[in-house]
$ cat target-v2.cif   # mmCIF, C-alpha atoms
data_structure
loop_
_atom_site.label_atom_id
_atom_site.label_comp_id
_atom_site.auth_asym_id
_atom_site.auth_seq_id
_atom_site.Cartn_x
_atom_site.Cartn_y
_atom_site.Cartn_z
CA MET A 20 4.85 -6.51 -6.84
CA TRP A 21 1.96 -5.99 -4.47
CA LEU A 22 -1.58 -7.14 -5.14
CA ARG A 23 -4.57 -5.81 -3.26
CA GLY A 24 -7.81 -7.12 -4.76
CA ARG A 25 -8.46 -5.44 -8.11
CA GLN A 26 -6.34 -2.36 -7.41
CA PRO A 27 -3.71 -1.30 -9.97
CA ILE A 28 -0.46 -3.23 -9.74
CA ILE A 29 2.27 -1.24 -8.02
CA MET A 30 5.73 -1.89 -9.44
CA LYS A 31 9.23 -0.78 -8.57
CA GLY A 32 9.71 0.59 -12.05
CA SER A 33 7.80 2.48 -14.69
CA VAL A 34 6.84 2.45 -18.33
CA SER A 35 6.98 5.81 -20.11
CA LEU A 36 4.89 6.14 -23.27
CA ALA A 37 4.91 8.94 -25.81
CA GLY A 38 1.79 7.85 -27.66
CA THR A 39 -0.60 5.07 -28.50
CA GLN A 40 1.46 3.94 -31.49
CA ARG A 41 3.80 2.32 -28.98
CA GLN A 42 1.08 0.56 -27.03
CA LEU A 43 1.65 -2.93 -28.46
CA SER A 44 5.39 -2.89 -27.89
CA ALA A 45 4.84 -1.41 -24.45
CA LEU A 46 2.43 -4.23 -23.63
CA LYS A 47 5.07 -6.80 -24.53
CA TYR A 48 7.68 -4.89 -22.57
CA LEU A 49 5.44 -4.60 -19.53
CA LYS A 50 4.75 -8.33 -19.62
CA ILE A 51 8.46 -9.09 -19.74
CA ILE A 52 9.08 -6.76 -16.80
CA VAL A 53 6.47 -8.49 -14.68
CA GLU A 54 7.49 -12.03 -15.57
CA ARG A 55 11.19 -11.34 -15.03
CA ASN A 56 10.63 -10.43 -11.41
CA LEU A 57 10.71 -6.66 -11.58
CA ASP A 58 10.26 -6.59 -7.85
CA TYR A 59 13.77 -7.84 -7.17
CA GLY A 60 12.85 -11.47 -7.28
CA ILE A 61 10.24 -11.25 -4.55
CA ALA A 62 7.55 -12.61 -6.85
CA ASN A 63 7.37 -14.54 -10.09
CA GLY A 64 4.61 -15.92 -12.27
CA THR A 65 2.75 -15.22 -15.51
CA VAL A 66 0.14 -12.72 -16.59
CA SER A 67 -2.30 -12.57 -19.48
CA ASP A 68 -2.29 -9.89 -22.16
CA ALA A 69 -5.89 -9.01 -21.23
CA CYS A 70 -4.89 -8.38 -17.65
CA LEU A 71 -1.88 -6.26 -18.56
CA SER A 72 -3.91 -4.22 -21.08
CA ASP A 73 -5.90 -2.80 -18.17
CA VAL A 74 -2.69 -1.96 -16.30
CA LEU A 75 -1.19 -0.45 -19.43
CA ASN A 76 -4.24 1.75 -20.07
CA GLN A 77 -3.71 3.32 -16.67
CA CYS A 78 -0.02 3.86 -17.46
CA ILE A 79 -0.91 5.49 -20.77
CA ARG A 80 -3.54 7.71 -19.19
CA ALA A 81 -1.07 8.87 -16.56
CA SER A 82 1.73 9.50 -19.05
CA ILE A 83 -0.17 11.23 -21.89
CA ASN A 84 -0.66 14.64 -20.36
CA VAL A 85 1.93 16.60 -22.33
CA ILE A 86 2.38 16.82 -26.08
CA ASN A 87 5.91 15.38 -26.06
CA SER A 88 8.32 13.92 -23.54
CA SER A 89 10.50 17.05 -23.42
CA CYS A 90 7.67 19.14 -21.95
CA PRO A 91 7.65 19.45 -18.13
CA GLU A 92 4.58 17.83 -16.60
CA ASP A 93 4.41 20.08 -13.55
CA CYS A 94 5.74 23.20 -11.86
CA GLY A 95 6.10 22.99 -8.10
CA ASN A 96 3.08 21.00 -6.97
CA VAL A 97 0.84 22.02 -9.90
CA SER A 98 0.29 19.67 -12.85
CA ILE A 99 0.57 21.37 -16.26
CA PRO A 100 -1.51 19.40 -18.79
CA TYR A 101 -1.70 20.21 -22.49
CA THR A 102 -3.24 22.55 -23.87
CA PHE A 103 -1.11 24.51 -21.39
CA GLY A 104 2.60 23.95 -21.33
CA ILE A 105 6.06 25.10 -20.28
CA GLY A 106 8.54 25.73 -23.08
CA LYS A 107 8.38 26.15 -26.83
CA GLY A 108 6.16 23.64 -28.58
CA CYS A 109 4.51 22.51 -25.33
CA TYR A 110 1.36 24.68 -25.41
CA VAL A 111 -1.39 25.12 -27.98
CA GLY A 112 -1.19 28.93 -28.18
CA ASN A 113 0.46 31.92 -26.55
CA TRP A 114 -2.40 32.45 -24.10
CA TYR A 115 -1.70 28.98 -22.67
CA GLU A 116 2.02 29.40 -22.13
CA ILE A 117 3.13 28.76 -18.54
CA VAL A 118 6.36 30.02 -17.02
CA CYS A 119 7.74 28.32 -13.92
CA ARG A 120 9.44 30.73 -11.55
CA SER A 121 9.65 31.85 -7.95
CA SER A 122 7.08 34.20 -6.46
CA ASN A 123 7.66 37.92 -6.88
CA HIS A 124 5.83 38.94 -3.72
CA ASP A 125 5.47 36.07 -1.28
CA SER A 126 8.62 35.94 0.88
CA TYR A 127 7.40 32.72 2.50
CA ASN A 128 7.50 30.90 -0.85
CA LEU A 129 10.58 32.71 -2.17
CA GLY A 130 12.62 30.23 -4.18
CA PHE A 131 9.80 27.67 -4.50
CA PRO A 132 8.79 27.29 -8.18
CA MET A 133 5.26 28.35 -9.07
CA PRO A 134 3.47 28.42 -12.44
CA TYR A 135 2.33 31.70 -13.98
CA LEU A 136 0.27 32.43 -17.07
CA LYS A 137 2.91 34.33 -19.01
CA ARG A 138 0.65 36.80 -20.83
CA LEU A 139 -1.41 37.59 -17.72
CA ASP A 140 1.39 37.34 -15.14
CA LEU A 141 -1.00 35.61 -12.75
CA GLU A 142 -0.12 32.63 -10.57
CA VAL A 143 -1.79 29.34 -11.53
CA LEU A 144 -3.15 27.21 -8.68
CA GLU A 145 -4.79 24.38 -10.64
CA ILE A 146 -5.63 23.43 -14.22
CA ASP A 147 -8.63 21.20 -14.86
CA ILE A 148 -9.03 19.80 -18.38
CA THR A 149 -11.69 17.27 -17.39
CA SER A 150 -14.46 19.79 -16.68
CA LEU A 151 -14.59 21.43 -20.11
CA GLY A 152 -11.90 23.97 -19.38
CA GLU A 153 -11.31 25.47 -15.94
CA ILE A 154 -8.27 27.04 -14.31
CA SER A 155 -7.76 28.49 -10.81
CA ILE A 156 -5.50 31.50 -10.41
CA ASN A 157 -4.50 33.93 -7.68
CA TYR A 158 -6.17 37.29 -8.31
CA PRO A 159 -5.39 40.51 -6.41
CA ILE A 160 -7.99 42.11 -4.15
CA PHE A 161 -8.82 45.82 -4.31
CA SER A 162 -8.53 47.94 -1.17
CA SER A 163 -9.23 51.53 -0.22
CA CYS A 164 -7.98 53.17 2.97
CA THR A 165 -9.34 56.66 2.33
CA ASN A 166 -12.81 58.20 2.40
CA GLY A 167 -14.65 58.95 -0.78
CA LYS A 168 -14.82 57.02 -4.03
CA ASN A 169 -11.99 54.90 -5.40
CA ASN A 170 -11.91 52.52 -8.33
CA LYS A 171 -9.63 50.12 -10.13
CA LYS A 172 -9.80 48.82 -13.68
CA ASN A 173 -9.38 45.05 -14.10
CA LEU A 174 -8.17 44.54 -17.66
CA GLU A 175 -6.09 41.36 -17.38
CA LEU A 176 -8.58 39.09 -19.16
CA GLU A 177 -9.53 41.55 -21.91
CA LYS A 178 -9.47 39.85 -25.36
CA SER A 179 -8.18 36.63 -23.78
CA PRO A 180 -9.80 33.16 -24.00
CA PHE A 181 -10.50 33.34 -20.25
CA VAL A 182 -13.63 34.55 -18.44
CA PHE A 183 -14.46 34.63 -14.74
CA ALA A 184 -16.44 31.50 -13.87
CA VAL A 185 -19.92 32.65 -12.87
CA THR A 186 -20.70 29.25 -11.32
CA TYR A 187 -17.89 29.38 -8.77
CA ASN A 188 -16.97 32.99 -8.00
CA THR A 189 -18.62 35.57 -5.79
CA PHE A 190 -18.08 39.32 -5.35
CA VAL A 191 -17.23 40.21 -1.74
CA ALA A 192 -17.10 43.55 0.06
CA ILE A 193 -15.61 43.86 3.56
CA GLY A 194 -15.33 46.92 5.76
CA CYS A 195 -17.27 49.60 7.61
CA ASN A 196 -20.13 50.97 5.46
CA ASN A 197 -18.39 49.85 2.32
CA SER A 198 -20.44 50.36 -0.83
CA ALA A 199 -18.66 48.19 -3.40
CA SER A 200 -19.71 47.51 -6.98
CA MET A 201 -18.60 46.24 -10.38
CA TRP A 202 -18.95 48.34 -13.53
CA SER A 203 -18.44 47.93 -17.25
CA ILE A 204 -15.45 49.43 -19.03
CA PHE A 205 -16.33 48.82 -22.70
CA PRO A 206 -17.93 50.44 -24.57
CA ASP A 207 -18.44 52.78 -21.61
CA ASP A 208 -18.56 52.70 -17.82
CA SER A 209 -22.29 53.19 -17.37
CA ILE A 210 -23.40 49.56 -16.92
CA SER A 211 -23.52 48.18 -13.39
CA PHE A 212 -22.62 44.53 -12.96
CA GLY A 213 -23.86 44.48 -9.38
CA GLY A 214 -22.50 45.01 -5.90
CA CYS A 215 -23.45 45.23 -2.23
CA ASN A 216 -23.11 47.32 0.94
CA SER A 217 -21.27 46.01 3.99
CA PRO A 218 -22.64 47.49 7.25
CA CYS A 219 -20.72 49.11 10.05
CA ASP A 220 -22.83 47.98 13.03
CA ARG A 221 -21.81 44.34 12.92
CA ALA A 222 -18.84 42.33 14.12
CA PRO A 223 -15.65 42.14 12.05
CA PHE A 224 -15.49 39.34 9.51
CA THR A 225 -14.43 35.96 10.90
CA LYS A 226 -13.39 32.78 9.12
CA GLY A 227 -16.32 30.56 8.26
CA SER A 228 -18.95 33.24 8.92
CA HIS A 229 -20.09 33.30 5.26
CA CYS A 230 -20.59 37.08 5.79
CA ASN A 231 -23.43 36.36 8.22
CA ALA A 232 -23.74 38.97 11.01
CA THR A 233 -20.40 40.58 10.07
CA ASN A 234 -19.30 43.72 8.23
CA CYS A 235 -19.23 41.76 4.99
CA CYS A 236 -21.55 41.18 2.03
CA GLN A 237 -21.64 39.14 -1.15
CA ALA A 238 -23.07 39.62 -4.65
CA THR A 239 -23.38 37.36 -7.67
CA THR A 240 -21.20 37.90 -10.73
CA PRO A 241 -22.38 38.25 -14.34
CA SER A 242 -21.77 35.66 -17.05
CA ASN A 243 -18.86 36.03 -19.48
CA LEU A 244 -17.17 38.63 -17.29
CA GLN A 245 -13.72 39.73 -18.47
CA ALA A 246 -12.84 43.43 -18.19
CA PHE A 247 -14.55 45.44 -15.44
CA SER A 248 -13.86 48.13 -12.86
CA THR A 249 -14.21 47.77 -9.09
CA THR A 250 -15.53 50.73 -7.11
CA ILE A 251 -15.34 51.29 -3.36
CA GLU A 252 -17.22 54.24 -1.92
CA THR A 253 -17.23 55.16 1.76
CA LYS A 254 -18.12 58.35 3.66
CA SER A 255 -16.72 59.53 6.98
CA SER A 256 -20.20 60.36 8.27
CA TYR A 257 -21.13 56.70 7.91
CA ASN A 258 -18.03 55.01 9.28
CA ASN A 259 -17.75 57.05 12.48
CA GLY A 260 -14.20 58.05 11.69
CA SER A 261 -12.99 54.47 11.37
CA SER A 262 -9.46 54.25 10.01
CA GLU A 263 -9.91 50.67 8.80
CA CYS A 264 -9.51 49.89 5.13
CA ASN A 265 -12.31 48.63 2.93
CA TYR A 266 -11.98 45.77 0.47
CA ALA A 267 -13.75 44.47 -2.63
CA PHE A 268 -12.76 41.43 -4.67
CA LEU A 269 -13.79 38.42 -6.71
CA VAL A 270 -13.04 35.10 -5.04
CA ASP A 271 -13.79 31.39 -5.37
CA GLN A 272 -16.83 31.12 -3.11
CA ASN A 273 -16.03 27.68 -1.73
CA TRP A 274 -12.48 28.76 -0.86
CA PHE A 275 -13.77 31.99 0.69
CA GLU A 276 -16.23 30.17 2.94
CA THR A 277 -13.73 27.58 4.14
CA ASN A 278 -10.27 29.21 4.06
CA PHE A 279 -10.45 33.02 4.04
CA THR A 280 -9.41 34.55 7.37
CA GLU A 281 -9.12 38.33 7.04
CA PRO A 282 -8.32 40.80 4.26
CA ASN A 283 -4.93 42.42 3.93
CA LEU A 284 -3.37 44.92 1.60
CA ASN A 285 -1.56 43.61 -1.50
CA VAL A 286 -2.76 40.02 -1.25
CA SER A 287 -4.36 37.73 -3.81
CA VAL A 288 -7.14 35.18 -3.48
CA PRO A 289 -8.17 32.20 -5.66
CA VAL A 290 -10.64 32.76 -8.48
CA ARG A 291 -11.74 30.30 -11.12
CA LEU A 292 -11.79 30.95 -14.84
CA TYR A 293 -13.36 29.21 -17.80
CA TRP A 294 -11.26 28.88 -20.93
CA GLU A 295 -12.05 27.89 -24.51
CA LEU A 296 -10.19 27.58 -27.82
CA ASP A 297 -10.77 29.84 -30.79
CA ASN A 298 -11.37 28.34 -34.24
CA THR A 299 -7.74 28.51 -35.41
CA THR A 300 -6.31 27.14 -32.17
CA PHE A 301 -8.89 24.35 -32.02
CA HIS A 302 -8.09 23.05 -35.50
CA SER A 303 -4.36 23.06 -34.70
CA LEU A 304 -4.86 20.43 -31.97
CA PRO A 305 -3.21 17.03 -32.55
CA THR A 306 -6.66 15.44 -32.30
CA MET A 307 -8.10 17.67 -35.04
CA LYS A 308 -5.36 17.72 -37.68
CA ASN A 309 -6.44 15.64 -40.71
CA MET A 310 -9.26 14.08 -38.65
CA THR A 311 -11.98 12.48 -40.75
CA THR A 312 -15.64 12.46 -39.72
CA ARG A 313 -15.52 8.69 -39.26
CA GLU A 314 -12.39 8.85 -37.11
CA TYR A 315 -13.95 11.53 -34.92
CA LYS A 316 -17.14 9.50 -34.52
CA ASN A 317 -15.13 6.47 -33.35
CA SER A 318 -12.82 8.45 -31.06
CA THR A 319 -12.89 8.36 -27.26
CA TYR A 320 -13.45 12.10 -26.89
CA ARG A 321 -15.98 14.67 -28.02
CA CYS A 322 -15.74 18.41 -28.61
CA TYR A 323 -18.29 21.18 -28.16
CA GLN A 324 -18.86 24.31 -30.20
CA TRP A 325 -20.01 27.54 -28.55
CA MET A 326 -21.34 30.69 -30.17
CA GLY A 327 -20.28 33.94 -28.52
CA SER A 328 -20.96 37.61 -29.03
CA GLY A 329 -20.12 38.96 -32.46
CA ASN A 330 -20.68 35.52 -34.03
CA THR A 331 -17.41 34.24 -32.57
CA THR A 332 -17.01 30.46 -32.31
CA THR A 333 -15.08 28.72 -29.55
CA TYR A 334 -14.52 25.09 -28.60
CA ASN A 335 -13.58 22.78 -25.78
CA CYS A 336 -13.37 19.02 -25.46
CA GLY A 337 -13.83 16.21 -22.97
CA CYS A 338 -13.50 12.44 -22.78
CA LYS A 339 -16.59 10.39 -23.59
CA SER A 340 -18.46 8.57 -20.84
CA GLY A 341 -16.42 5.59 -19.69
CA TYR A 342 -13.10 7.28 -20.51
CA ARG A 343 -10.83 9.62 -18.61
CA GLY A 344 -7.72 11.66 -19.38
CA ASN A 345 -6.60 14.48 -21.67
CA SER A 346 -9.03 14.89 -24.56
CA TYR A 347 -6.73 17.32 -26.37
CA LEU A 348 -4.04 14.71 -27.10
CA LEU A 349 -4.05 11.65 -29.33
CA GLY A 350 -4.71 8.63 -27.13
CA GLY A 351 -5.24 10.92 -24.15
CA CYS A 352 -8.61 9.46 -23.14
CA GLY A 353 -8.14 6.01 -21.63
CA ASP A 354 -10.77 3.47 -20.68
CA ILE A 355 -11.90 3.61 -17.05
CA ASN A 356 -11.87 0.30 -15.24
CA GLU A 357 -15.14 0.75 -13.40
CA CYS A 358 -14.64 -2.57 -11.62
CA ALA A 359 -11.39 -1.41 -10.00
CA ASP A 360 -12.09 2.30 -9.51
CA PRO A 361 -13.56 2.91 -6.02
CA ASP A 362 -15.26 6.09 -7.29
CA PHE A 363 -17.77 3.93 -9.17
CA ASN A 364 -18.50 1.46 -6.35
CA ILE A 365 -19.82 -1.14 -8.78
CA THR A 366 -21.91 -3.86 -7.13
CA CYS A 367 -22.86 -7.05 -8.94
CA THR A 368 -25.12 -9.80 -7.63
CA PRO A 369 -23.53 -12.51 -5.46
CA ASP A 370 -23.45 -14.99 -8.36
CA THR A 371 -21.81 -12.56 -10.78
CA ARG A 372 -18.60 -10.59 -10.93
CA CYS A 373 -17.71 -7.25 -12.48
CA GLU A 374 -15.87 -7.40 -15.79
CA ASN A 375 -14.45 -4.28 -17.39
CA THR A 376 -15.26 -3.60 -21.03
CA GLU A 377 -14.19 -0.84 -23.39
CA GLY A 378 -15.98 2.28 -22.22
CA PHE A 379 -18.19 0.43 -19.74
CA TYR A 380 -18.48 -2.74 -17.65
CA ARG A 381 -20.74 -5.75 -17.24
CA CYS A 382 -21.66 -8.25 -14.56
CA VAL A 383 -20.93 -11.79 -15.73
CA ALA A 384 -21.72 -15.15 -14.18
CA VAL A 385 -19.05 -16.58 -11.92
CA LYS A 386 -17.71 -19.75 -13.56
CA ASN A 387 -14.88 -20.48 -11.23
CA THR A 388 -13.25 -19.16 -8.10
CA LYS A 389 -11.06 -16.19 -8.86
CA LEU A 390 -9.06 -16.28 -5.66
CA PHE A 391 -7.47 -19.40 -4.27
CA MET A 392 -4.28 -20.31 -2.48
CA ILE A 393 -2.03 -23.37 -2.53
CA ILE A 394 0.72 -23.74 0.03
CA GLY A 395 3.64 -25.92 -0.92
CA MET A 396 7.02 -26.80 0.51
CA SER A 397 10.26 -27.01 -1.45
CA SER A 398 13.50 -28.35 -0.09
CA PHE A 399 14.52 -24.84 0.82
CA SER A 400 11.47 -22.78 1.74
CA LEU A 401 7.71 -22.50 1.88
CA TYR A 402 5.96 -20.88 -1.08
CA ILE A 403 2.49 -19.42 -1.48
CA TYR A 404 0.71 -19.77 -4.85
CA ILE A 405 -2.04 -17.21 -5.31
CA TYR A 406 -4.38 -16.58 -8.25
CA ILE A 407 -6.04 -13.18 -8.27
CA ASN A 408 -8.07 -11.86 -11.17
CA CYS A 409 -6.07 -12.54 -14.31
CA MET A 410 -2.62 -13.33 -12.95
CA TYR A 411 -0.98 -15.67 -10.56
CA MET A 412 2.11 -15.00 -8.50
CA THR A 413 4.26 -17.10 -6.26
CA PHE A 414 5.67 -15.55 -3.11
CA PRO A 415 8.20 -16.78 -0.58
CA PHE A 416 6.35 -17.29 2.68
CA GLY A 417 8.29 -14.46 4.33
CA PHE A 418 6.67 -11.93 2.02
CA LEU A 419 3.10 -12.98 2.71
CA GLN A 420 2.53 -9.85 4.76
CA ILE A 421 2.71 -7.59 1.72
CA LEU A 422 -0.50 -9.05 0.29
#
$ encode --input "target-v2.cif" --output "structure tokens"
Amino acid sequence: MWLRGRQPIIMKGSVSLAGTQRQLSALKYLKIIVERNLDYGIANGTVSDACLSDVLNQCIRASINVINSSCPEDCGNVSIPYTFGIGKGCYVGNWYEIVCRSSNHDSYNLGFPMPYLKRLDLEVLEIDITSLGEISINYPIFSSCTNGKNNKKNLELEKSPFVFAVTYNTFVAIGCNNSASMWSIFPDDSISFGGCNSPCDRAPFTKGSHCNATNCCQATTPSNLQAFSTTIETKSSYNNGSSECNYAFLVDQNWFETNFTEPNLNVSVPVRLYWELDNTTFHSLPTMKNMTTREYKNSTYRCYQWMGSGNTTTYNCGCKSGYRGNSYLLGGCGDINECADPDFNITCTPDTRCENTEGFYRCVAVKNTKLFMIIGMSSFSLYIYIYINCMYMTFPFGFLQIL
């Protein structure tokens, strides 16, 4: 067992929890593991329940990400948190079902498992349940290698709980005198959603150029965008007979500005989507079933109601301030130890120390030294006695370097 200041304790073992109803027994079990020299006899000592509760909260938060232990937690290198899931009973609704399979098109990744939204048949790159519902997917670009006007209908998100994230995505056109635009499909195709014209008298697009001084342009995207058509229009009199293809596509702007190199036919690029839960799906969540007003008020998460077009109501949830985890599962939001988490960089005055509390922290007066060392000699070897935070451990002298 290695101790580094107030960092989480790293053990050669694990505790798997299916829910908060097992927290007390897990606490006892974890204490036994520690005190019976989990680390192969390297260290021994005692720990307090208060100290282990903090460790256990981190274990719970890490383990409660799927609705039951039979649900896979990831596919390839992508984490699959509930409300999404792989397999029957692991997702909240059909729109959130993930299938884990090899790529259909990418020969480089052939055989490597990748997650796909089953109903959309689009590859999932990342699922974020902490930011009120976001998901990154690979979305195909539209290309035209002929003169004149060409268009493509994008219907994948129609009637789904997903919309293109206006905050993150941009519409890009690349090519010689490429007039690219987005248009409505329903109820008709007469509404323009915007577009731009890429010139022909500039240098070809280069990575990191942000479309500056190149044959590239960008346009903002509308809110709540789902179904739309992409139009590319080019004329031979404007492109000087260029045989190059023109491109138009939605893309995650940050990714485009830092990673995009050059367009190619039949490729996909990352876009970000927002997702929400409809009324029926929301009330089927484990956190909502038979939930009383008082229980909801005292919970560690909160949910938000949104009014859409046609008086439709949707929802999403998040952990309350001071908590972190999966707000769609019972016990999914665990207390954050602000004192130990480097993201918070808590600084107390020299005569106080940081003490974690439920949902927050406080700076308390230092009453005694929290770190001291006693070196003693037995008839066989030298031992180091160290007290750090809420536990003490004894280490054979030979293992001092792991501290």
$ resolve_selection --input "target-v2.cif" --expression "the PyMOL selection byres ((chain A and resi 283) around 10)" --output "list in words"
Ile160, Phe161, Ser162, Cys264, Asn265, Tyr266, Thr280, Glu281, Pro282, Leu284, Asn285, Val286 and Ser287 of chain A
$ closest_residue --input "target-v2.cif" --among "A:Gln245, A:Asn375, A:Thr250, A:Ser340" --to "A:Val185" --atoms "all atoms listed in the file"
A:Gln245
$ resolve_selection --input "target-v2.cif" --expression "the PyMOL selection byres ((chain A and resi 119) around 7)" --output "ChimeraX atom specification"
/A:94,117-118,120,132-135
$ residues_around --input "target-v2.cif" --residues "A:Cys352" --least-positions-apart "2" --cutoff "7 Å" --atoms "all atoms listed in the file" --output "list in words"
Arg80, Thr319, Tyr320, Cys338, Tyr342, Arg343, Gly344, Asn345, Ser346, Gly350 and Asp354 of chain A
$ closest_residue --input "target-v2.cif" --among "A:Asn335, A:Asn96, A:Cys90, A:Thr306" --to "A:Glu116" --atoms "all atoms listed in the file"
A:Cys90
$ atom_distance --input "target-v2.cif" --atom1 "atom CA of A:Ile99" --atom2 "atom CA of A:Ser150"
15.1 Å
$ resolve_selection --input "target-v2.cif" --expression "the PyMOL selection byres ((chain A and resi 324) around 6)" --output "compact mmCIF listing (two decimals) with C-alpha atoms, keeping the file's coordinate frame"
# COMPACT_ATOMS: atom_id res chain seq x y z
CA TYR A 323 -18.29 21.18 -28.16
CA TRP A 325 -20.01 27.54 -28.55
CA THR A 333 -15.08 28.72 -29.55
CA TYR A 334 -14.52 25.09 -28.60
$ residues_near_point --input "target-v2.cif" --point "(-18.1, 35.9, 4.2)" --cutoff "9 Å" --atoms "all atoms listed in the file" --output "VMD selection string"
chain A and resid 191 to 193 224 to 231 233 to 237 272 275 to 276 279
$ residues_around --input "target-v2.cif" --residues "A:Ile148" --least-positions-apart "4" --cutoff "9 Å" --atoms "all atoms listed in the file" --output "list in words"
Pro100, Tyr101, Thr102, Gly152, Glu153, Ile154, Cys336, Gly337, Gly344, Asn345, Ser346 and Tyr347 of chain A
$ closest_residue --input "target-v2.cif" --among "A:Leu151, A:Leu304, A:Leu176, A:Cys358" --to "A:Val383" --atoms "only C-alpha atoms"
A:Cys358
$ atom_distance --input "target-v2.cif" --atom1 "atom CA of A:Arg321" --atom2 "atom CA of A:Gly353"
13.3 Å
$ closest_residue --input "target-v2.cif" --among "A:Ala222, A:Leu292, A:Cys215, A:Ala199" --to "A:Asp147" --atoms "all atoms listed in the file"
A:Leu292
$ closest_residue --input "target-v2.cif" --among "A:Lys316, A:Lys168, A:Lys178, A:Lys339" --to "A:Arg138" --atoms "all atoms listed in the file"
A:Lys178
$ closest_residue --input "target-v2.cif" --among "A:Thr249, A:Thr376, A:Thr311, A:Thr239" --to "A:Asn356" --atoms "only C-alpha atoms"
A:Thr376
$ atom_distance --input "target-v2.cif" --atom1 "atom CA of A:Thr299" --atom2 "atom CA of A:Thr332"
10.0 Å
